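Next up, input32.cif (mmCIF, C-alpha atoms):
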```cif
data_run
loop_
_atom_site.label_atom_id
_atom_site.label_comp_id
_atom_site.auth_asym_id
_atom_site.auth_seq_id
_atom_site.Cartn_x
_atom_site.Cartn_y
_atom_site.Cartn_z
CA LEU K 1 -59.59 67.51 -126.11
CA PHE K 2 -62.75 69.29 -127.19
CA LEU K 3 -63.44 67.44 -130.46
CA ALA K 4 -65.80 64.96 -128.79
CA THR K 5 -68.10 67.82 -127.79
CA LEU K 6 -68.81 68.89 -131.36
CA THR K 7 -72.36 67.62 -131.66
CA TYR K 8 -74.22 70.61 -133.06
CA ASP K 9 -75.51 70.04 -136.57
CA THR K 10 -74.17 73.16 -138.24
CA LEU K 11 -70.59 71.97 -137.72
CA ARG K 12 -71.09 68.63 -139.44
CA PHE K 13 -69.36 68.02 -142.74
CA GLU K 14 -71.68 66.47 -145.29
CA TYR K 15 -69.00 63.97 -146.17
CA GLU K 16 -70.89 62.54 -149.10
CA ASP K 17 -70.08 65.99 -150.52
CA PHE K 18 -66.38 65.54 -149.76
CA PRO K 19 -64.40 62.94 -151.72
CA GLU K 20 -63.94 59.63 -149.91
CA THR K 21 -60.33 59.38 -150.99
CA LYS K 22 -57.06 58.04 -149.70
CA GLU K 23 -55.45 61.27 -150.92
CA PRO K 24 -54.44 63.50 -148.00
CA VAL K 25 -56.31 66.74 -147.41
CA TRP K 26 -53.95 69.70 -146.95
CA ILE K 27 -55.21 72.84 -145.19
CA LEU K 28 -52.69 75.69 -144.73
CA GLY K 29 -49.73 73.44 -143.93
CA ARG K 30 -51.69 70.75 -142.04
CA LYS K 31 -52.20 67.24 -143.40
CA TYR K 32 -55.42 65.35 -142.71
CA SER K 33 -57.06 62.05 -143.61
CA VAL K 34 -60.70 62.17 -144.74
CA PHE K 35 -61.28 58.75 -143.16
CA THR K 36 -59.96 59.41 -139.66
CA GLU K 37 -59.96 63.21 -139.21
CA LYS K 38 -63.26 64.48 -140.59
CA GLU K 39 -64.11 66.61 -137.57
CA GLU K 40 -60.60 68.06 -137.42
CA ILE K 41 -60.76 69.12 -141.10
CA LEU K 42 -64.09 70.83 -140.56
CA LEU K 43 -62.95 72.52 -137.38
CA ASP K 44 -59.84 73.86 -139.14
CA VAL K 45 -61.86 75.22 -142.07
CA THR K 46 -64.56 76.71 -139.82
CA SER K 47 -61.91 78.42 -137.69
CA ARG K 48 -60.62 80.52 -140.61
CA LEU K 49 -62.10 84.01 -140.72
CA TRP K 50 -64.60 84.12 -143.58
CA PHE K 51 -65.30 87.52 -145.11
CA THR K 52 -68.13 87.86 -147.61
CA TYR K 53 -70.08 90.58 -149.34
CA ARG K 54 -71.99 92.68 -146.80
CA LYS K 55 -74.86 95.15 -147.12
CA ASN K 56 -76.04 98.15 -145.06
CA PHE K 57 -72.64 99.12 -143.70
CA PRO K 58 -71.74 102.84 -143.25
CA ALA K 59 -71.23 104.49 -146.64
CA ILE K 60 -67.64 104.27 -147.86
CA GLY K 61 -66.14 107.75 -147.76
CA GLY K 62 -69.37 109.09 -146.26
CA THR K 63 -71.28 109.16 -149.54
CA GLY K 64 -70.15 105.99 -151.34
CA PRO K 65 -71.50 102.43 -151.51
CA THR K 66 -73.16 100.80 -148.49
CA SER K 67 -72.64 97.31 -149.94
CA ASP K 68 -69.80 95.62 -151.81
CA THR K 69 -71.97 93.02 -153.57
CA GLY K 70 -70.72 92.49 -157.11
CA TRP K 71 -67.39 94.28 -156.75
CA GLY K 72 -65.75 93.48 -153.40
CA CYS K 73 -64.90 89.78 -153.76
CA MET K 74 -61.12 90.25 -154.21
CA LEU K 75 -61.08 92.81 -151.41
CA ARG K 76 -62.76 90.21 -149.17
CA CYS K 77 -60.22 87.57 -150.24
CA GLY K 78 -57.43 90.00 -149.38
CA GLN K 79 -59.03 90.44 -145.96
CA MET K 80 -59.17 86.65 -145.49
CA ILE K 81 -55.51 85.98 -146.34
CA PHE K 82 -54.42 88.88 -144.15
CA ALA K 83 -56.72 87.79 -141.31
CA GLN K 84 -55.03 84.40 -141.41
CA ALA K 85 -51.69 86.17 -140.95
CA LEU K 86 -53.09 88.05 -137.92
CA VAL K 87 -54.52 84.82 -136.48
CA CYS K 88 -51.10 83.18 -136.78
CA ARG K 89 -49.48 86.29 -135.29
CA HIS K 90 -51.76 86.74 -132.27
CA LEU K 91 -53.51 83.38 -131.73
CA GLY K 92 -51.28 80.76 -133.40
CA ARG K 93 -51.96 78.21 -136.14
CA ASP K 94 -53.39 75.74 -133.58
CA TRP K 95 -56.13 78.11 -132.43
CA ARG K 96 -59.68 76.92 -133.16
CA TRP K 97 -63.06 78.65 -133.13
CA ILE K 98 -65.88 76.72 -131.48
CA LYS K 99 -69.43 77.96 -131.71
CA GLY K 100 -70.65 79.22 -128.37
CA LYS K 101 -67.26 78.98 -126.69
CA ARG K 102 -65.92 82.18 -125.15
CA GLN K 103 -62.96 83.45 -127.14
CA MET K 104 -59.95 85.36 -125.89
CA ASP K 105 -59.65 89.13 -126.31
CA ASN K 106 -56.99 88.82 -129.02
CA TYR K 107 -59.49 86.98 -131.23
CA PHE K 108 -61.90 89.93 -131.07
CA ASN K 109 -59.02 92.34 -131.60
CA VAL K 110 -58.19 90.49 -134.85
CA LEU K 111 -61.83 90.37 -135.95
CA ASN K 112 -62.36 94.07 -135.16
CA ALA K 113 -59.47 94.96 -137.47
CA PHE K 114 -61.68 93.86 -140.42
CA ILE K 115 -65.15 95.07 -139.41
CA ASP K 116 -67.01 97.17 -142.00
CA LYS K 117 -66.39 100.63 -140.60
CA LYS K 118 -64.00 103.39 -141.53
CA ASP K 119 -61.69 103.17 -138.54
CA SER K 120 -60.87 99.42 -138.68
CA TYR K 121 -57.31 98.79 -139.90
CA TYR K 122 -58.28 96.50 -142.79
CA SER K 123 -61.96 97.31 -143.35
CA ILE K 124 -63.54 97.34 -146.79
CA HIS K 125 -63.67 101.14 -146.30
CA GLN K 126 -59.91 101.41 -145.79
CA ILE K 127 -59.07 99.03 -148.64
CA ALA K 128 -61.40 100.76 -151.10
CA GLN K 129 -60.19 104.25 -150.20
CA MET K 130 -56.51 103.30 -150.15
CA GLY K 131 -57.06 101.70 -153.58
CA VAL K 132 -57.91 105.11 -155.03
CA GLY K 133 -54.20 105.92 -154.73
CA GLU K 134 -53.48 102.81 -156.81
CA GLY K 135 -55.75 104.04 -159.60
CA LYS K 136 -58.83 102.06 -158.55
CA SER K 137 -62.04 104.00 -158.06
CA ILE K 138 -64.33 102.91 -155.21
CA GLY K 139 -66.50 100.05 -156.45
CA GLN K 140 -63.99 98.94 -159.09
CA TRP K 141 -62.83 95.32 -159.19
CA TYR K 142 -59.31 94.58 -157.89
CA GLY K 143 -56.77 92.02 -159.02
CA PRO K 144 -54.70 90.01 -156.53
CA ASN K 145 -51.66 92.28 -156.87
CA THR K 146 -53.66 95.46 -156.28
CA VAL K 147 -55.18 94.18 -153.05
CA ALA K 148 -51.75 92.97 -151.86
CA GLN K 149 -50.24 96.43 -152.45
CA VAL K 150 -53.09 98.13 -150.58
CA LEU K 151 -52.89 95.75 -147.60
CA LYS K 152 -49.16 96.38 -147.36
CA LYS K 153 -49.81 100.12 -147.01
CA LEU K 154 -52.59 99.62 -144.45
CA ALA K 155 -50.40 97.33 -142.33
CA THR K 156 -48.04 100.23 -141.58
CA PHE K 157 -50.76 101.72 -139.34
CA ASP K 158 -51.29 98.45 -137.43
CA THR K 159 -48.64 98.90 -134.73
CA TRP K 160 -50.38 96.26 -132.57
CA SER K 161 -49.42 93.55 -135.08
CA SER K 162 -46.12 95.22 -136.07
CA LEU K 163 -45.85 93.18 -139.27
CA ALA K 164 -43.20 93.38 -141.95
CA VAL K 165 -45.13 93.04 -145.22
CA HIS K 166 -43.13 92.24 -148.34
CA ILE K 167 -44.56 91.92 -151.84
CA ALA K 168 -42.18 90.07 -154.12
CA MET K 169 -42.44 91.43 -157.64
CA ASP K 170 -41.04 90.15 -160.95
CA ASN K 171 -41.50 86.52 -159.79
CA THR K 172 -38.44 86.94 -157.55
CA VAL K 173 -38.07 86.71 -153.77
CA VAL K 174 -34.92 88.51 -152.64
CA MET K 175 -33.81 87.16 -149.24
CA GLU K 176 -31.60 90.16 -148.48
CA GLU K 177 -34.54 92.57 -148.91
CA ILE K 178 -36.70 90.55 -146.54
CA ARG K 179 -34.01 90.29 -143.87
CA ARG K 180 -33.44 94.03 -144.05
CA LEU K 181 -37.17 94.65 -143.65
CA CYS K 182 -37.70 92.18 -140.79
CA GLN K 183 -34.58 93.00 -138.82
CA SER K 184 -35.58 96.63 -138.42
CA ASN K 185 -36.10 97.46 -134.75
CA PHE K 186 -38.88 99.89 -135.57
CA PRO K 187 -42.44 99.36 -136.84
CA CYS K 188 -43.00 100.39 -140.44
CA ALA K 189 -45.00 103.46 -139.44
CA GLY K 190 -42.16 104.69 -137.26
CA ALA K 191 -44.51 105.29 -134.34
CA ALA K 192 -44.83 103.61 -130.94
CA ALA K 193 -41.63 101.71 -131.61
CA CYS K 194 -40.78 100.53 -128.13
CA PRO K 195 -44.21 99.17 -127.15
CA ALA K 196 -44.44 97.26 -130.43
CA VAL K 197 -41.02 95.70 -129.96
CA GLU K 198 -41.94 94.75 -126.40
CA ALA K 199 -45.16 93.19 -127.71
CA ASP K 200 -43.13 91.24 -130.24
CA MET K 201 -41.09 89.68 -127.49
CA LEU K 202 -44.12 88.72 -125.46
CA CYS K 203 -46.51 87.62 -128.22
CA ASN K 204 -44.33 85.06 -129.97
CA GLY K 205 -45.06 82.42 -127.36
CA TYR K 206 -41.44 81.78 -126.40
CA PRO K 207 -40.12 81.31 -122.87
CA GLU K 208 -38.70 84.46 -121.34
CA ASP K 209 -35.11 83.50 -121.95
CA THR K 210 -33.01 86.64 -122.33
CA GLY K 211 -31.15 85.42 -125.40
CA VAL K 212 -34.36 84.42 -127.14
CA ARG K 213 -36.01 87.73 -126.21
CA ASP K 214 -33.09 89.75 -127.55
CA ARG K 215 -33.10 87.81 -130.79
CA LEU K 216 -36.87 88.04 -131.24
CA SER K 217 -36.78 91.80 -130.83
CA LEU K 218 -34.68 91.98 -133.99
CA TRP K 219 -37.20 90.19 -136.21
CA LYS K 220 -40.63 91.48 -137.10
CA PRO K 221 -43.12 88.78 -138.16
CA LEU K 222 -43.18 88.56 -141.95
CA VAL K 223 -46.18 88.49 -144.27
CA LEU K 224 -44.83 87.55 -147.69
CA LEU K 225 -47.17 88.00 -150.66
CA ILE K 226 -46.05 86.90 -154.11
CA PRO K 227 -48.23 88.02 -157.07
CA LEU K 228 -47.77 85.56 -159.92
CA ARG K 229 -49.02 84.80 -163.38
CA LEU K 230 -48.95 81.06 -164.07
CA GLY K 231 -49.87 81.13 -167.74
CA LEU K 232 -51.53 83.46 -170.24
CA THR K 233 -55.22 82.56 -170.30
CA GLU K 234 -55.19 79.35 -168.25
CA ILE K 235 -52.85 77.84 -165.69
CA ASN K 236 -49.82 76.04 -167.11
CA GLU K 237 -49.97 72.42 -165.89
CA ALA K 238 -46.24 72.51 -165.10
CA TYR K 239 -46.95 74.79 -162.11
CA ILE K 240 -49.61 72.61 -160.47
CA GLU K 241 -47.28 70.46 -158.35
CA THR K 242 -45.45 73.54 -157.08
CA LEU K 243 -48.73 75.23 -156.21
CA LYS K 244 -49.81 72.15 -154.24
CA HIS K 245 -46.54 72.21 -152.30
CA CYS K 246 -47.23 75.78 -151.20
CA PHE K 247 -50.29 74.54 -149.28
CA MET K 248 -48.13 71.88 -147.61
CA MET K 249 -45.73 74.35 -146.02
CA PRO K 250 -46.37 75.24 -142.36
CA GLN K 251 -45.85 78.91 -143.28
CA SER K 252 -48.73 78.82 -145.80
CA LEU K 253 -51.32 81.60 -145.74
CA GLY K 254 -53.03 80.19 -148.83
CA VAL K 255 -53.68 81.79 -152.21
CA ILE K 256 -55.97 84.53 -153.47
CA GLY K 257 -57.19 84.32 -157.05
CA GLY K 258 -60.08 82.48 -158.65
CA LYS K 259 -61.77 82.70 -161.99
CA PRO K 260 -61.92 85.89 -164.10
CA ASN K 261 -63.71 88.58 -162.04
CA SER K 262 -64.72 86.00 -159.41
CA ALA K 263 -62.24 85.83 -156.54
CA HIS K 264 -61.77 83.02 -154.02
CA TYR K 265 -59.51 82.40 -151.02
CA PHE K 266 -57.82 79.04 -151.49
CA ILE K 267 -56.81 77.34 -148.24
CA GLY K 268 -55.78 73.86 -149.39
CA TYR K 269 -56.24 71.00 -151.78
CA VAL K 270 -57.24 67.34 -152.04
CA GLY K 271 -56.24 65.32 -155.10
CA GLU K 272 -56.63 67.58 -158.13
CA GLU K 273 -59.08 69.95 -156.44
CA LEU K 274 -58.47 73.20 -154.59
CA ILE K 275 -60.38 73.88 -151.36
CA TYR K 276 -61.55 77.46 -150.95
CA LEU K 277 -63.69 79.93 -149.04
CA ASP K 278 -66.09 81.84 -151.27
CA PRO K 279 -66.92 85.51 -150.54
CA HIS K 280 -69.92 85.56 -152.92
CA THR K 281 -72.63 85.52 -150.26
CA THR K 282 -74.22 88.79 -149.16
CA GLN K 283 -74.77 89.06 -145.41
CA PRO K 284 -76.00 92.02 -143.36
CA ALA K 285 -73.28 94.18 -141.81
CA VAL K 286 -72.59 93.25 -138.19
CA GLU K 287 -72.98 95.72 -135.34
CA PRO K 288 -71.86 95.14 -131.74
CA ASN K 289 -74.81 94.11 -129.54
CA ASN K 290 -76.04 96.07 -126.52
CA GLY K 291 -73.30 94.66 -124.34
CA GLY K 292 -70.67 95.85 -126.82
CA CYS K 293 -69.95 92.24 -127.86
CA LEU K 294 -69.53 91.46 -131.55
CA PRO K 295 -71.71 88.59 -132.84
CA ASP K 296 -69.15 86.53 -134.76
CA GLU K 297 -70.89 83.44 -136.16
CA SER K 298 -71.32 84.96 -139.63
CA PHE K 299 -67.51 85.28 -139.89
CA HIS K 300 -67.04 81.50 -139.87
CA CYS K 301 -68.08 79.25 -142.77
CA GLN K 302 -70.04 76.43 -141.14
CA HIS K 303 -70.80 74.36 -144.22
CA PRO K 304 -68.47 72.16 -146.29
CA PRO K 305 -65.86 74.25 -148.09
CA CYS K 306 -66.13 74.75 -151.84
CA ARG K 307 -63.89 72.85 -154.23
CA MET K 308 -62.84 73.35 -157.84
CA SER K 309 -60.45 71.70 -160.25
CA ILE K 310 -56.95 73.19 -160.12
CA ALA K 311 -57.02 73.34 -163.92
CA GLU K 312 -59.86 75.92 -163.75
CA LEU K 313 -57.78 78.39 -161.73
CA ASP K 314 -57.22 81.77 -163.38
CA PRO K 315 -53.44 82.13 -163.89
CA SER K 316 -53.32 85.48 -162.04
CA ILE K 317 -52.89 84.76 -158.30
CA ALA K 318 -51.05 85.90 -155.19
CA VAL K 319 -49.49 83.31 -152.86
CA GLY K 320 -49.07 84.14 -149.17
CA PHE K 321 -46.71 82.96 -146.41
CA PHE K 322 -46.24 83.95 -142.75
CA CYS K 323 -42.90 83.64 -140.95
CA ASN K 324 -43.25 84.50 -137.28
CA THR K 325 -39.52 84.20 -136.57
CA GLU K 326 -36.26 84.30 -138.49
CA GLU K 327 -36.05 80.53 -138.03
CA ASP K 328 -39.42 80.21 -139.79
CA PHE K 329 -38.11 82.26 -142.71
CA ASN K 330 -34.87 80.24 -142.97
CA ASP K 331 -36.92 77.03 -142.93
CA TRP K 332 -39.21 78.41 -145.65
CA CYS K 333 -36.18 79.25 -147.82
CA GLN K 334 -34.88 75.70 -147.44
CA GLN K 335 -38.24 74.25 -148.44
CA ILE K 336 -38.39 76.47 -151.53
CA LYS K 337 -34.88 75.38 -152.53
CA LYS K 338 -35.84 71.70 -152.11
CA LEU K 339 -38.97 72.29 -154.18
CA SER K 340 -36.83 73.26 -157.15
CA LEU K 341 -35.51 69.68 -157.15
CA VAL K 342 -38.95 68.02 -157.33
CA ARG K 343 -39.42 66.28 -160.67
CA GLY K 344 -42.24 67.63 -162.79
CA ALA K 345 -42.60 70.79 -160.70
CA LEU K 346 -41.79 74.05 -162.45
CA PRO K 347 -40.80 76.81 -159.99
CA MET K 348 -43.44 79.54 -159.77
CA PHE K 349 -40.89 82.10 -158.59
CA GLU K 350 -37.17 82.47 -158.06
CA LEU K 351 -35.49 82.69 -154.64
CA VAL K 352 -32.25 84.71 -154.71
CA GLU K 353 -29.92 86.03 -152.02
CA ARG K 354 -29.46 89.50 -153.52
CA GLN K 355 -31.24 91.77 -155.93
CA PRO K 356 -30.04 90.95 -159.47
CA SER K 357 -28.23 94.02 -160.83
CA HIS K 358 -30.42 94.21 -163.93
CA PHE K 359 -33.54 94.80 -161.78
CA SER K 360 -32.53 98.35 -161.05
CA ASN K 361 -31.77 99.16 -164.67
CA PRO K 362 -34.99 100.01 -166.55
CA ASP K 363 -33.15 100.16 -169.87
CA VAL K 364 -32.73 96.40 -169.85
CA LEU K 365 -36.31 96.24 -171.17
CA ASN K 366 -35.75 99.21 -173.47
CA LEU K 367 -37.86 101.26 -171.10
CA THR K 368 -37.19 104.78 -169.98
CA PRO K 369 -37.42 105.39 -166.23
CA ASP K 370 -40.71 107.22 -166.63
CA SER K 371 -42.40 104.49 -168.68
CA SER K 372 -45.77 103.62 -167.24
CA ASP K 373 -46.38 100.31 -165.52
CA ALA K 374 -48.99 99.56 -168.16
CA ASP K 375 -46.36 99.86 -170.90
CA ARG K 376 -44.11 97.48 -169.00
CA LEU K 377 -46.93 95.01 -168.45
CA GLU K 378 -47.96 94.93 -172.10
CA ARG K 379 -44.54 93.58 -172.99
CA PHE K 380 -45.30 90.42 -171.06
CA PHE K 381 -49.05 89.93 -170.90
CA ASP K 382 -52.14 90.53 -172.96
CA SER K 383 -53.01 94.23 -172.65
CA GLU K 384 -56.63 93.31 -171.87
CA ASP K 385 -55.55 91.64 -168.64
CA GLU K 386 -56.58 94.42 -166.30
CA ASP K 387 -56.79 92.30 -163.18
CA PHE K 388 -53.02 92.00 -162.72
CA GLU K 389 -50.95 95.12 -162.48
CA ILE K 390 -47.39 95.80 -161.47
CA LEU K 391 -47.76 98.80 -159.20
CA SER K 392 -45.25 101.29 -157.93
CA LEU K 393 -45.43 102.38 -154.30
#
```
Mind turning this structure into structure tokens?
Amino acid sequence: LFLATLTYDTLRFEYEDFPETKEPVWILGRKYSVFTEKEEILLDVTSRLWFTYRKNFPAIGGTGPTSDTGWGCMLRCGQMIFAQALVCRHLGRDWRWIKGKRQMDNYFNVLNAFIDKKDSYYSIHQIAQMGVGEGKSIGQWYGPNTVAQVLKKLATFDTWSSLAVHIAMDNTVVMEEIRRLCQSNFPCAGAAACPAVEADMLCNGYPEDTGVRDRLSLWKPLVLLIPLRLGLTEINEAYIETLKHCFMMPQSLGVIGGKPNSAHYFIGYVGEELIYLDPHTTQPAVEPNNGGCLPDESFHCQHPPCRMSIAELDPSIAVGFFCNTEEDFNDWCQQIKKLSLVRGALPMFELVERQPSHFSNPDVLNLTPDSSDADRLERFFDSEDEDFEILSL
């Protein structure tokens, strides 16, 4: 209804910069045509929360860095993929940001969860300090798996969102584990259980039918992050079709990864190119204005999104999905099973009903139970690959 009103110049795609192609453009589970839906593509991209390097924020830990330029790009990408989960959770996939239009309170609640200050749930301060427990000093570069592990821990304090965060390790998604996690009646942190469950029932956007409400209260919205390695030094071509299909699923949260030591948040693809938001721009930290309102324009990328060849992607990535309901999760499982039948598409991970028995037996890899994660990793990957770790919680 509002697309016709988009006349301001900053929200214009420079479409000579975007391929005039018959290939569909896929953005986080939505399919678009470049020829007939240019404004819609731009509006979708601009509506994603865009987190970049910032400068002059309060010192991390009181005496640490006041800028994350040069080291925070993967932390910012982690914020972006998680912010997309919170947008889906509290605003819905159809929500759009329009410059100058008054936004609902939940939008600012989501944005405030990522602001550069120590008491925001998912701030750079929280991520950097929580990372110390994962062996990362403040100011050290993260890999996609490290940031996923840290975000999972931070989410336990976010009782407003009451998310079930699952990180699937060893290239295996175990359905039983996820159902056990999501069907818990209590938030992960174990606090404020009843209000969070009540919020679940009211925030999912379903009619107040008793049966639906009872069922919804037994499923916490799922954020599923799957750290993967799709090759040794470069991406194996056999995975490319599967990776594309991930962006086609309505549950898609996108992918975090990039090039070595240069992280990007991938939100879609067109042809053989990935579409991404780039955190490598340093902006001043944002403070609420005199009225207590948060200026939000700098959190939305208002120029054409970046693109790069899929073949250039570093093989170390993390893929994200959001399942608001149990039905969403069941549908996602069916799509993954169908994907295994696509010709020329090598599965990136395995979907199993139960934990394979050998997973719990460390001796299967000739490891003792106290072997370090680094020892385990060296068996599979080049020991110099420091940006992808298997971490214990």
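Considering only C-alpha atoms, the residue among K:Met308, K:Leu232, K:Leu75, K:Val270 positioned nearest to Thr146 in chain K is K:Leu75.
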Gap from CA of Ala155 in chain K to CA of Ile178 in chain K - Å, one decimal: 15.9 Å
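Take CA of Gly135 in chain K and CA of Ala113 in chain K: the distance between them is 24.2 Å.
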Exercise: Asn171 in chain K partners within 10 Å, only C-alpha atoms, chain neighbours under 6 positions left out, as a ChimeraX atom specification: /K:226-229,347-351
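Pairwise distance (CA of Val173 in chain K, CA of Glu353 in chain K) equals 8.4 Å.
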Output check: residues returned by the PyMOL selection byres ((chain K and resi 116) around 7), as number ranges by chain: K: 57, 114-115, 117-118, 123-125, 285
Residues selected by the PyMOL selection byres ((chain K and resi 163) around 7), written as a ChimeraX atom specification: /K:155,161-162,164-165,220-223
Residues selected by the PyMOL selection byres ((chain K and resi 314) around 6), written as number ranges by chain: K: 234, 258-259, 313, 315-316
Shell around Gly320 in chain K at 8 Å using all atoms listed in the file, local window under 2 positions removed, as a PyMOL selection string: chain K and resi 81+223-226+252-255+318+322
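Of the residues listed (K:Ile267, K:Gln302, K:Leu274, K:Glu241), K:Glu241 shows the shortest atom-to-atom separation from Leu341 in chain K; distances use only C-alpha atoms.
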Surrounding residues of Met74 in chain K excluding itself and chain neighbours under 5 positions, 7 Å, all atoms listed in the file, as JSON, numbers by chain: {"K": [142, 143, 144, 263]}
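Among the candidate residues K:Gly29, K:Phe18, K:Trp50, K:Met104, the one lying nearest to Ser298 in chain K is K:Trp50, with distances computed using only C-alpha atoms.
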All residues 12 Å or closer to Glu37 in chain K, all atoms listed in the file, same chain fewer than 2 positions away omitted, as a PyMOL selection string: chain K and resi 3+13+15+20+24-26+30-35+39-44
Who sits within 8 Å of Gln129 in chain K, only C-alpha atoms, same chain under 6 positions skipped, as a PyMOL selection string: chain K and resi 60-61+138
Would you save the residues of that selection, restricted to C-alpha atoms, as an mmCIF file, keeping the file's coordinate frame?
```cif
data_model
loop_
_atom_site.group_PDB
_atom_site.id
_atom_site.type_symbol
_atom_site.label_atom_id
_atom_site.label_comp_id
_atom_site.auth_asym_id
_atom_site.auth_seq_id
_atom_site.Cartn_x
_atom_site.Cartn_y
_atom_site.Cartn_z
ATOM 1 C CA ILE K 60 -67.640 104.270 -147.860
ATOM 2 C CA GLY K 61 -66.140 107.750 -147.760
ATOM 3 C CA ILE K 138 -64.330 102.910 -155.210
#
```
